[in-house]
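Asks: So here's query.txt (compact mmCIF, C-alpha atoms and all ligand atoms).
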```txt
# COMPACT_ATOMS: atom_id res chain seq x y z
CA MET P 1 -63.08 -0.58 4.86
CA GLU P 2 -65.35 0.18 7.78
CA LEU P 3 -68.40 -1.53 9.16
CA GLU P 4 -70.43 1.36 10.55
CA SER P 5 -73.40 -0.47 11.98
CA ILE P 6 -75.36 -3.69 11.93
CA ARG P 7 -78.99 -4.62 12.45
CA LEU P 8 -79.98 -8.18 13.22
CA ARG P 9 -83.45 -9.68 13.55
CA GLY P 10 -83.88 -13.33 14.51
CA PHE P 11 -80.25 -14.21 13.89
CA ARG P 12 -78.87 -16.93 16.23
CA ASN P 13 -79.52 -15.73 19.79
CA TYR P 14 -80.19 -12.12 18.67
CA ALA P 15 -83.92 -11.40 18.61
CA GLU P 16 -83.15 -7.80 17.82
CA LEU P 17 -79.83 -5.98 17.73
CA ASP P 18 -78.99 -2.47 16.56
CA ALA P 19 -75.32 -1.71 17.03
CA ALA P 20 -73.02 1.05 15.83
CA PHE P 21 -69.25 0.58 15.67
CA VAL P 22 -66.13 2.73 15.76
CA PRO P 23 -63.50 2.81 12.98
CA GLY P 24 -60.74 1.42 15.27
CA VAL P 25 -60.98 -1.36 17.83
CA ASN P 26 -64.38 -2.72 18.82
CA LEU P 27 -64.04 -4.94 21.83
CA VAL P 28 -66.89 -7.42 22.15
CA LEU P 29 -67.07 -8.49 25.79
CA GLY P 30 -69.29 -11.00 27.50
CA ASP P 31 -69.47 -14.28 29.39
CA ASN P 32 -69.51 -17.59 27.57
CA ALA P 33 -72.47 -18.36 25.32
CA GLN P 34 -73.82 -14.79 25.22
CA GLY P 35 -73.51 -14.12 21.47
CA LYS P 36 -69.98 -12.78 20.87
CA THR P 37 -69.07 -15.28 18.16
CA ASN P 38 -72.60 -15.04 16.75
CA LEU P 39 -72.02 -11.35 16.11
CA LEU P 40 -68.79 -12.06 14.18
CA GLU P 41 -70.63 -14.78 12.30
CA ALA P 42 -73.26 -12.25 11.17
CA VAL P 43 -70.50 -9.93 9.93
CA THR P 44 -68.73 -12.70 7.98
CA TYR P 45 -72.03 -13.85 6.53
CA LEU P 46 -72.56 -10.44 4.95
CA SER P 47 -68.92 -10.41 3.86
CA THR P 48 -68.65 -13.85 2.26
CA GLY P 49 -72.24 -15.05 1.83
CA LYS P 50 -71.39 -18.03 4.01
CA ALA P 51 -71.55 -18.89 7.69
CA PHE P 52 -68.20 -19.98 9.03
CA ARG P 53 -69.50 -22.30 11.73
CA THR P 54 -72.10 -24.24 9.81
CA ARG P 55 -73.12 -25.28 6.34
CA LYS P 56 -76.76 -25.36 7.38
CA GLU P 57 -78.14 -21.88 6.92
CA GLN P 58 -81.26 -22.83 8.84
CA GLU P 59 -79.19 -22.97 12.00
CA LEU P 60 -78.64 -19.23 11.70
CA ILE P 61 -82.31 -18.45 12.14
CA GLN P 62 -83.30 -17.96 15.75
CA PHE P 63 -85.11 -20.97 17.20
CA GLY P 64 -88.84 -20.36 16.79
CA ALA P 65 -88.45 -17.46 14.31
CA ASP P 66 -89.62 -17.57 10.67
CA PHE P 67 -86.74 -15.63 9.21
CA ALA P 68 -83.43 -13.96 10.00
CA ASP P 69 -82.69 -10.47 8.73
CA LEU P 70 -79.14 -9.12 8.67
CA GLU P 71 -78.29 -5.64 7.49
CA ALA P 72 -75.03 -3.69 7.62
CA ASP P 73 -73.87 -0.22 6.63
CA VAL P 74 -70.39 -0.28 5.17
CA LEU P 75 -68.09 2.60 4.30
CA ALA P 76 -65.51 1.86 1.59
CA LYS P 77 -63.61 4.26 -0.65
CA ASN P 78 -65.67 7.10 0.83
CA ARG P 79 -68.93 5.55 -0.28
CA GLU P 80 -71.59 4.15 1.94
CA LYS P 81 -73.29 0.89 1.03
CA THR P 82 -75.94 -1.23 2.64
CA LEU P 83 -75.74 -5.00 2.53
CA ARG P 84 -78.70 -7.09 3.53
CA ALA P 85 -79.51 -10.80 3.68
CA VAL P 86 -82.82 -12.35 4.66
CA LEU P 87 -82.97 -16.08 5.39
CA PHE P 88 -86.15 -18.07 5.62
CA THR P 89 -87.14 -21.32 7.28
CA GLY P 90 -88.21 -24.14 4.98
CA ARG P 91 -87.32 -24.16 1.31
CA LYS P 92 -87.70 -20.53 0.44
CA PRO P 93 -84.31 -19.27 -0.84
CA ARG P 94 -82.50 -16.41 0.84
CA GLN P 95 -82.86 -12.87 -0.44
CA LEU P 96 -79.89 -10.58 -0.91
CA PHE P 97 -79.92 -6.80 -1.28
CA LEU P 98 -77.24 -4.28 -2.14
CA ASN P 99 -78.31 -0.70 -1.41
CA GLY P 100 -81.90 -1.91 -1.29
CA VAL P 101 -81.71 -3.52 -4.76
CA LYS P 102 -82.36 -7.24 -4.89
CA GLN P 103 -79.41 -9.33 -6.15
CA LYS P 104 -79.60 -12.64 -8.00
CA ASN P 105 -76.74 -14.19 -6.05
CA PHE P 106 -73.87 -13.25 -3.83
CA THR P 107 -71.35 -12.72 -6.65
CA THR P 108 -72.36 -9.09 -7.08
CA MET P 109 -71.89 -8.44 -3.35
CA GLU P 110 -68.47 -10.08 -3.18
CA GLY P 111 -65.80 -7.64 -2.10
CA GLU P 112 -68.26 -5.01 -0.80
CA LEU P 113 -67.25 -5.88 2.75
CA THR P 114 -63.86 -7.60 2.93
CA THR P 115 -62.96 -9.30 6.18
CA VAL P 116 -60.17 -11.43 7.58
CA LEU P 117 -61.33 -13.75 10.32
CA PHE P 118 -59.33 -15.55 12.95
CA CYS P 119 -61.29 -18.14 14.91
CA PRO P 120 -60.07 -20.97 17.13
CA GLU P 121 -60.67 -23.56 14.38
CA ASP P 122 -57.99 -21.78 12.36
CA LEU P 123 -55.37 -23.37 14.60
CA LEU P 124 -56.12 -26.54 12.65
CA ILE P 125 -54.73 -24.91 9.50
CA LEU P 126 -51.31 -25.53 10.93
CA LYS P 127 -52.06 -28.69 12.87
CA SER P 128 -54.13 -30.89 10.59
CA GLY P 129 -53.75 -32.29 7.08
CA ALA P 130 -52.89 -30.43 3.89
CA GLU P 131 -56.48 -29.77 2.86
CA ARG P 132 -56.98 -26.82 5.20
CA ARG P 133 -53.74 -25.23 4.02
CA ARG P 134 -54.81 -25.59 0.40
CA ARG P 135 -58.17 -24.08 1.30
CA LEU P 136 -56.41 -21.09 2.85
CA LEU P 137 -54.59 -20.47 -0.44
CA ASP P 138 -57.67 -21.13 -2.56
CA ASN P 139 -59.87 -18.81 -0.50
CA ALA P 140 -57.44 -15.93 -0.71
CA LEU P 141 -56.56 -16.39 -4.38
CA CYS P 142 -60.18 -16.85 -5.50
CA GLN P 143 -60.97 -13.46 -3.97
CA LEU P 144 -57.90 -11.71 -5.35
CA ARG P 145 -57.49 -13.33 -8.79
CA PRO P 146 -60.49 -14.14 -11.00
CA GLY P 147 -58.13 -16.09 -13.31
CA TYR P 148 -57.22 -18.37 -10.43
CA SER P 149 -60.82 -19.05 -9.60
CA ARG P 150 -61.53 -20.09 -13.20
CA ALA P 151 -58.42 -22.28 -13.41
CA LEU P 152 -59.29 -23.97 -10.13
CA GLN P 153 -62.81 -24.79 -11.27
CA GLU P 154 -61.57 -26.21 -14.54
CA TYR P 155 -58.82 -28.22 -12.87
CA GLN P 156 -61.30 -29.66 -10.37
CA ARG P 157 -63.63 -30.67 -13.19
CA LEU P 158 -60.81 -32.43 -15.05
CA LEU P 159 -59.64 -34.10 -11.86
CA ASP P 160 -63.10 -35.50 -11.13
CA HIS P 161 -63.26 -36.87 -14.64
CA LYS P 162 -59.78 -38.38 -14.58
CA SER P 163 -60.48 -39.97 -11.19
CA ARG P 164 -63.54 -41.67 -12.67
CA ILE P 165 -61.49 -42.99 -15.60
CA LEU P 166 -58.90 -44.44 -13.24
CA LYS P 167 -61.56 -45.99 -11.05
CA ASP P 168 -63.62 -47.58 -13.83
CA TRP P 169 -61.15 -48.51 -16.59
CA ARG P 170 -61.13 -52.21 -15.66
CA ASP P 171 -64.79 -52.43 -16.63
CA ARG P 172 -64.29 -50.26 -19.69
CA PRO P 173 -60.66 -50.38 -20.88
CA SER P 174 -61.40 -47.92 -23.71
CA TYR P 175 -61.70 -45.17 -21.07
CA LEU P 176 -57.91 -45.16 -20.90
CA ASP P 177 -57.73 -43.73 -24.44
CA ALA P 178 -58.85 -40.38 -23.07
CA LEU P 179 -56.17 -40.25 -20.41
CA PRO P 180 -53.39 -38.45 -22.39
CA ASP P 181 -55.76 -35.63 -23.25
CA PHE P 182 -56.86 -35.23 -19.63
CA ASN P 183 -53.25 -35.28 -18.48
CA LEU P 184 -52.29 -32.57 -20.93
CA ARG P 185 -55.09 -30.25 -19.90
CA MET P 186 -54.50 -30.92 -16.22
CA ALA P 187 -50.86 -30.04 -16.72
CA GLN P 188 -51.87 -26.74 -18.34
CA PHE P 189 -54.35 -25.70 -15.66
CA GLY P 190 -52.19 -27.23 -12.94
CA ALA P 191 -49.24 -25.09 -14.04
CA ALA P 192 -51.44 -21.99 -13.73
CA LEU P 193 -52.49 -22.97 -10.20
CA ILE P 194 -48.90 -23.62 -9.17
CA ALA P 195 -47.74 -20.27 -10.56
CA TYR P 196 -50.46 -18.35 -8.68
CA ARG P 197 -49.86 -20.27 -5.47
CA ALA P 198 -46.09 -19.88 -5.60
CA ASN P 199 -46.42 -16.12 -6.03
CA TYR P 200 -48.96 -15.74 -3.26
CA LEU P 201 -47.00 -17.97 -0.91
CA GLN P 202 -43.84 -16.01 -1.50
CA LYS P 203 -45.55 -12.86 -0.20
CA LEU P 204 -47.41 -14.73 2.52
CA ALA P 205 -44.23 -16.43 3.77
CA ARG P 206 -42.29 -13.19 3.98
CA LEU P 207 -45.01 -11.27 5.84
CA THR P 208 -46.00 -14.15 8.12
CA ALA P 209 -42.37 -14.67 9.16
CA GLN P 210 -42.02 -10.96 9.85
CA TYR P 211 -45.13 -10.86 12.07
CA HIS P 212 -44.17 -14.04 13.86
CA ARG P 213 -40.65 -12.82 14.59
CA GLU P 214 -41.88 -9.57 16.15
CA PHE P 215 -44.72 -11.39 17.87
CA SER P 216 -42.30 -13.71 19.65
CA GLY P 217 -39.94 -10.90 20.67
CA ASP P 218 -37.36 -12.02 18.10
CA ARG P 219 -37.14 -15.49 19.59
CA GLU P 220 -38.79 -17.48 16.82
CA GLN P 221 -38.10 -17.80 13.15
CA LEU P 222 -40.95 -19.05 11.01
CA ALA P 223 -40.46 -20.44 7.52
CA LEU P 224 -43.19 -21.40 5.06
CA THR P 225 -42.19 -23.57 2.11
CA TYR P 226 -44.38 -24.48 -0.81
CA ARG P 227 -44.60 -28.22 -1.52
CA THR P 228 -45.94 -29.12 -4.93
CA VAL P 229 -45.39 -31.76 -7.62
CA SER P 230 -41.90 -33.12 -6.90
CA THR P 231 -40.56 -32.68 -10.44
CA VAL P 232 -41.37 -28.95 -10.40
CA LEU P 233 -37.97 -27.60 -9.43
CA ASP P 234 -38.87 -23.91 -9.31
CA PRO P 235 -42.58 -23.14 -8.92
CA LEU P 236 -41.81 -19.49 -9.76
CA ALA P 237 -40.43 -20.49 -13.19
CA ALA P 238 -42.29 -19.78 -16.44
CA ARG P 239 -45.59 -21.65 -16.78
CA ALA P 240 -44.44 -23.59 -19.85
CA GLU P 241 -41.54 -24.94 -17.83
CA ILE P 242 -43.82 -25.97 -14.95
CA GLU P 243 -46.21 -27.60 -17.40
CA ARG P 244 -43.41 -29.67 -18.88
CA GLN P 245 -42.27 -30.79 -15.45
CA ILE P 246 -45.81 -31.80 -14.50
CA LEU P 247 -45.99 -33.87 -17.69
CA ASP P 248 -42.75 -35.62 -16.64
CA HIS P 249 -44.25 -36.45 -13.29
CA GLN P 250 -47.44 -37.74 -14.89
CA GLU P 251 -45.44 -39.96 -17.20
CA SER P 252 -43.38 -41.55 -14.44
CA HIS P 253 -46.52 -42.17 -12.37
CA LEU P 254 -48.78 -43.38 -15.15
CA ARG P 255 -48.43 -47.06 -14.36
CA ALA P 256 -48.88 -46.49 -10.61
CA GLU P 257 -52.02 -44.44 -11.27
CA ILE P 258 -53.54 -47.10 -13.51
CA GLU P 259 -52.71 -49.85 -11.06
CA SER P 260 -53.87 -48.04 -7.94
CA GLY P 261 -56.91 -46.48 -9.64
CA GLN P 262 -56.03 -43.14 -8.09
CA CYS P 263 -54.88 -39.79 -9.38
CA LEU P 264 -51.42 -39.50 -7.84
CA THR P 265 -49.99 -36.51 -9.60
CA GLY P 266 -50.90 -32.83 -9.66
CA PRO P 267 -51.35 -29.72 -7.51
CA HIS P 268 -54.53 -31.07 -5.89
CA ARG P 269 -52.04 -32.62 -3.46
CA ASP P 270 -50.18 -29.35 -2.79
CA ASP P 271 -49.22 -28.27 0.69
CA PHE P 272 -46.96 -25.85 2.45
CA GLU P 273 -44.64 -26.76 5.24
CA VAL P 274 -44.22 -24.58 8.30
CA LEU P 275 -41.03 -24.67 10.32
CA CYS P 276 -40.60 -22.82 13.59
CA ASN P 277 -36.94 -22.47 14.52
CA ASP P 278 -36.20 -25.23 12.00
CA LEU P 279 -38.64 -27.73 13.54
CA PRO P 280 -41.96 -28.71 11.92
CA LEU P 281 -44.59 -26.65 13.72
CA LYS P 282 -47.16 -29.35 13.13
CA SER P 283 -45.36 -31.90 15.32
CA PHE P 284 -43.29 -29.77 17.67
CA GLY P 285 -45.04 -26.40 18.05
CA SER P 286 -46.36 -25.45 21.50
CA GLN P 287 -49.96 -24.24 21.74
CA GLY P 288 -48.78 -20.66 22.01
CA GLN P 289 -46.43 -21.04 19.04
CA VAL P 290 -49.15 -22.53 16.86
CA ARG P 291 -51.51 -19.74 17.85
CA THR P 292 -48.85 -17.09 17.22
CA ALA P 293 -48.16 -18.53 13.77
CA ALA P 294 -51.87 -18.79 12.91
CA ILE P 295 -52.51 -15.18 13.88
CA SER P 296 -49.39 -14.08 11.97
CA LEU P 297 -50.80 -15.81 8.88
CA LYS P 298 -54.01 -13.81 9.23
CA LEU P 299 -52.23 -10.50 9.79
CA ALA P 300 -50.15 -11.24 6.69
CA GLU P 301 -53.30 -12.03 4.72
CA ARG P 302 -54.79 -8.71 5.82
CA GLU P 303 -51.73 -6.86 4.57
CA ILE P 304 -51.75 -8.61 1.19
CA PHE P 305 -55.45 -7.81 0.76
CA ARG P 306 -54.82 -4.19 1.65
CA ASP P 307 -51.99 -3.89 -0.87
CA ASP P 308 -54.03 -5.61 -3.53
CA THR P 309 -57.40 -3.91 -3.11
CA GLY P 310 -56.33 -0.58 -1.65
CA GLU P 311 -58.66 -1.10 1.32
CA MET P 312 -57.78 -2.58 4.69
CA PRO P 313 -60.14 -5.48 5.36
CA VAL P 314 -62.03 -5.56 8.64
CA LEU P 315 -60.19 -7.85 11.05
CA LEU P 316 -62.36 -10.20 13.10
CA LEU P 317 -60.59 -11.91 15.98
CA ASP P 318 -62.56 -14.49 17.89
CA ASP P 319 -61.09 -15.64 21.16
CA VAL P 320 -57.60 -14.75 20.09
CA LEU P 321 -55.90 -13.85 23.34
CA SER P 322 -56.14 -17.05 25.33
CA GLU P 323 -52.91 -19.05 25.56
CA LEU P 324 -50.76 -16.04 24.65
CA ASP P 325 -48.27 -14.76 27.19
CA GLU P 326 -48.29 -11.08 28.07
CA GLY P 327 -45.56 -10.11 25.59
CA ARG P 328 -47.47 -11.70 22.73
CA GLN P 329 -50.79 -10.20 23.84
CA ASP P 330 -49.16 -6.75 23.89
CA PHE P 331 -47.72 -7.24 20.40
CA LEU P 332 -51.09 -8.24 19.03
CA LEU P 333 -52.90 -5.36 20.68
CA ASN P 334 -50.34 -3.00 19.18
CA GLN P 335 -50.99 -4.45 15.73
CA LEU P 336 -54.62 -3.47 16.09
CA ARG P 337 -53.91 0.21 15.68
CA ALA P 338 -54.40 0.06 11.92
CA GLY P 339 -57.78 -0.54 10.34
CA GLN P 340 -61.02 -1.66 11.94
CA VAL P 341 -60.94 -4.60 14.31
CA PHE P 342 -63.52 -6.65 16.19
CA ILE P 343 -62.13 -8.69 19.00
CA THR P 344 -64.09 -10.93 21.33
CA CYS P 345 -63.04 -11.60 24.88
CA CYS P 346 -64.51 -12.83 28.16
CA GLU P 347 -62.71 -10.38 30.43
CA ASP P 348 -61.82 -6.72 30.16
CA ARG P 349 -58.74 -6.37 32.35
CA LYS P 350 -56.33 -5.59 29.52
CA PHE P 351 -58.38 -3.43 27.25
CA THR P 352 -59.83 -0.51 29.06
CA LYS P 353 -58.02 2.08 26.93
CA LEU P 354 -58.55 0.35 23.66
CA GLY P 355 -61.37 1.66 21.44
CA ALA P 356 -65.05 1.05 22.10
CA VAL P 357 -66.46 -1.69 24.29
CA LEU P 358 -69.65 -3.59 23.47
CA HIS P 359 -71.02 -5.63 26.36
CA ILE P 360 -73.07 -8.57 25.14
CA ALA P 361 -75.34 -10.60 27.40
CA GLY P 362 -78.05 -13.03 26.35
CA GLY P 363 -78.05 -11.88 22.74
CA ALA P 364 -78.45 -8.20 23.58
CA LEU P 365 -76.25 -5.16 23.82
CA GLN P 366 -75.99 -3.99 27.42
CA PRO P 367 -76.09 -0.27 28.11
CA GLU P 368 -72.78 1.11 29.44
P1 LIG O 1 -67.95 -18.21 24.18
O1 LIG O 1 -67.29 -17.18 25.05
O2 LIG O 1 -68.21 -19.44 24.92
O3 LIG O 1 -67.28 -18.43 22.88
P2 LIG O 1 -70.01 -16.66 22.77
O4 LIG O 1 -70.46 -15.42 23.44
O5 LIG O 1 -69.09 -16.55 21.65
O6 LIG O 1 -69.43 -17.65 23.89
P3 LIG O 1 -71.92 -17.63 20.87
O7 LIG O 1 -71.30 -18.79 20.23
O8 LIG O 1 -71.93 -16.34 20.14
O9 LIG O 1 -71.29 -17.47 22.33
O10 LIG O 1 -73.44 -17.90 21.25
C1 LIG O 1 -73.80 -19.14 21.65
C2 LIG O 1 -75.24 -19.13 22.07
O11 LIG O 1 -76.11 -18.87 20.98
C3 LIG O 1 -75.53 -20.54 22.58
O12 LIG O 1 -76.06 -20.46 23.86
C4 LIG O 1 -76.50 -21.07 21.57
O13 LIG O 1 -77.45 -21.90 22.15
C5 LIG O 1 -77.15 -19.82 21.01
N1 LIG O 1 -77.65 -20.06 19.65
C6 LIG O 1 -76.98 -20.56 18.60
N2 LIG O 1 -77.77 -20.69 17.52
C7 LIG O 1 -78.99 -20.24 17.90
C8 LIG O 1 -80.26 -20.11 17.24
N3 LIG O 1 -80.41 -20.48 15.95
N4 LIG O 1 -81.28 -19.62 17.94
C9 LIG O 1 -81.14 -19.24 19.24
N5 LIG O 1 -79.98 -19.35 19.92
C10 LIG O 1 -78.92 -19.84 19.26
MG MG O 2 -67.35 -17.58 21.12
```
Can you dump the structure from the file as structure tokens?
Replies:
Amino acid sequence: MELESIRLRGFRNYAELDAAFVPGVNLVLGDNAQGKTNLLEAVTYLSTGKAFRTRKEQELIQFGADFADLEADVLAKNREKTLRAVLFTGRKPRQLFLNGVKQKNFTTMEGELTTVLFCPEDLLILKSGAERRRRLLDNALCQLRPGYSRALQEYQRLLDHKSRILKDWRDRPSYLDALPDFNLRMAQFGAALIAYRANYLQKLARLTAQYHREFSGDREQLALTYRTVSTVLDPLAARAEIERQILDHQESHLRAEIESGQCLTGPHRDDFEVLCNDLPLKSFGSQGQVRTAAISLKLAEREIFRDDTGEMPVLLLDDVLSELDEGRQDFLLNQLRAGQVFITCCEDRKFTKLGAVLHIAGGALQPE
């Protein structure tokens, strides 16, 4: 997968940008607040249909402009494609184009440009609550497995419904009659989610540990362990077995759920634990260790995507090198030899020999 070029009009602080990229490392250099992250944001927008720093699309349009126009040429499996998105101020919906043909929604553009992004907020995946870790799994699996995406939607729908029953049954006791049926279906879809997650995590854990070990010069051992419904003894077991064990858990928690009015059982509470040299990374990891582990997770994700889709996703690394000692910086830079990479940085001392350099200042590409 290769991003050949991008054209931006009225996007963030880019009034007008026309940039061409190289297949290997593209180093995006510039002082603070010049537009480095904005450029990666434009790339991820065309990749995922979403902006990673905001939910408000309007923020992407340059202050004072009426629209933002993003267009990229992508080379994948020897075919060139053009992806384009135009965003408007006010209520007018965005317009999406694939090879000049207007698309109804982003679904048909999904997978045309696959990317793996590391940004500083990703450190929170390992530091904060379970939700971000679940989102990491959900994001990857929704892209790789359509069956997962459908199961997740259905499970979420059932969960919302069951939560309402548990909240409101005191006013309407008859609501409780529907509970066994909801529990059964949640156990079925929940077992599917657990099976997908356990498989993905098995691969992710192995590759992440491998990257982290090399990254730390063999000094650190990283272990990822899936934590799901406590009665599920082996999440890699057959689905029927998992389903039965979820039903056991539901049964033993039924009274507690009815009394507390909350849904206490199921994979919507899943998590994975990360140990670094046998200590929980969340509580004991140093800044450098957490960063090393987070980057290892992303490199592992890139490898799984490559094996699964046959194309190496474009790697986008925002502000990745700070807080890493020289040994770890060298390891990372060595990892960048495969596939296309965009890496932002404020200084160029380490990179001179590495691929192409794009100097960004005030939302414009500076001539060399
Ligand atoms: P750092 O090294 O600090 O991370 P950066 O080069 O990554 O800096 P960006 O986040 O890409 O910086 O750009 C930030 C600049 O873009 C800010 O000065 C911000 O005011 C400007 N900016 C953000 N959104 C818009 C917009 N909609 N219109 C115009 N300018 C914007
Ligand atoms: Mg930035």
Asks: Compile the contact shell of P:Gly90 as an MDAnalysis selection string: residues with an atom at most 12 Å away, counting all atoms listed in the file, same-chain residues fewer than 6 positions apart removed.
Replies: chainID P and resid 56:59 61 65:67
Asks: Atom CA of P:Asn277 and atom CA of P:Arg227, how far apart in Å?
Replies: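 Atom-to-atom, atom CA of P:Arg227 and atom CA of P:Asn277 are spaced 18.7 Å apart.
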Asks: Can you tell me which residues come within 6 Å of ligand LIG 1 (chain O) when counting only C-alpha atoms and all ligand atoms, ideally as a short mmCIF file (atom, residue, chain, number, x, y, z; two decimals) with C-alpha atoms, keeping the file's coordinate frame?
Replies:
```
data_model
loop_
_atom_site.label_atom_id
_atom_site.label_comp_id
_atom_site.auth_asym_id
_atom_site.auth_seq_id
_atom_site.Cartn_x
_atom_site.Cartn_y
_atom_site.Cartn_z
CA ARG P 12 -78.87 -16.93 16.23
CA ASN P 13 -79.52 -15.73 19.79
CA ASP P 31 -69.47 -14.28 29.39
CA ASN P 32 -69.51 -17.59 27.57
CA ALA P 33 -72.47 -18.36 25.32
CA GLN P 34 -73.82 -14.79 25.22
CA GLY P 35 -73.51 -14.12 21.47
CA LYS P 36 -69.98 -12.78 20.87
CA THR P 37 -69.07 -15.28 18.16
CA ASN P 38 -72.60 -15.04 16.75
CA GLU P 59 -79.19 -22.97 12.00
CA LEU P 60 -78.64 -19.23 11.70
CA ILE P 61 -82.31 -18.45 12.14
CA GLN P 62 -83.30 -17.96 15.75
CA PHE P 63 -85.11 -20.97 17.20
#
```
Asks: Point out the residue among P:His268, P:Ser322, P:Leu144, P:Ala293 with the least atom-to-atom distance to ligand MG 2 (chain O), counting all atoms listed in the file.
Replies: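 Closest candidate: P:Ser322.
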Asks: Residues within 7 Å of P:Tyr155, please, as number ranges by chain. Count all atoms listed in the file; anything in the same chain fewer than 5 positions from it doesn't count.
Replies: P: 186, 189-190
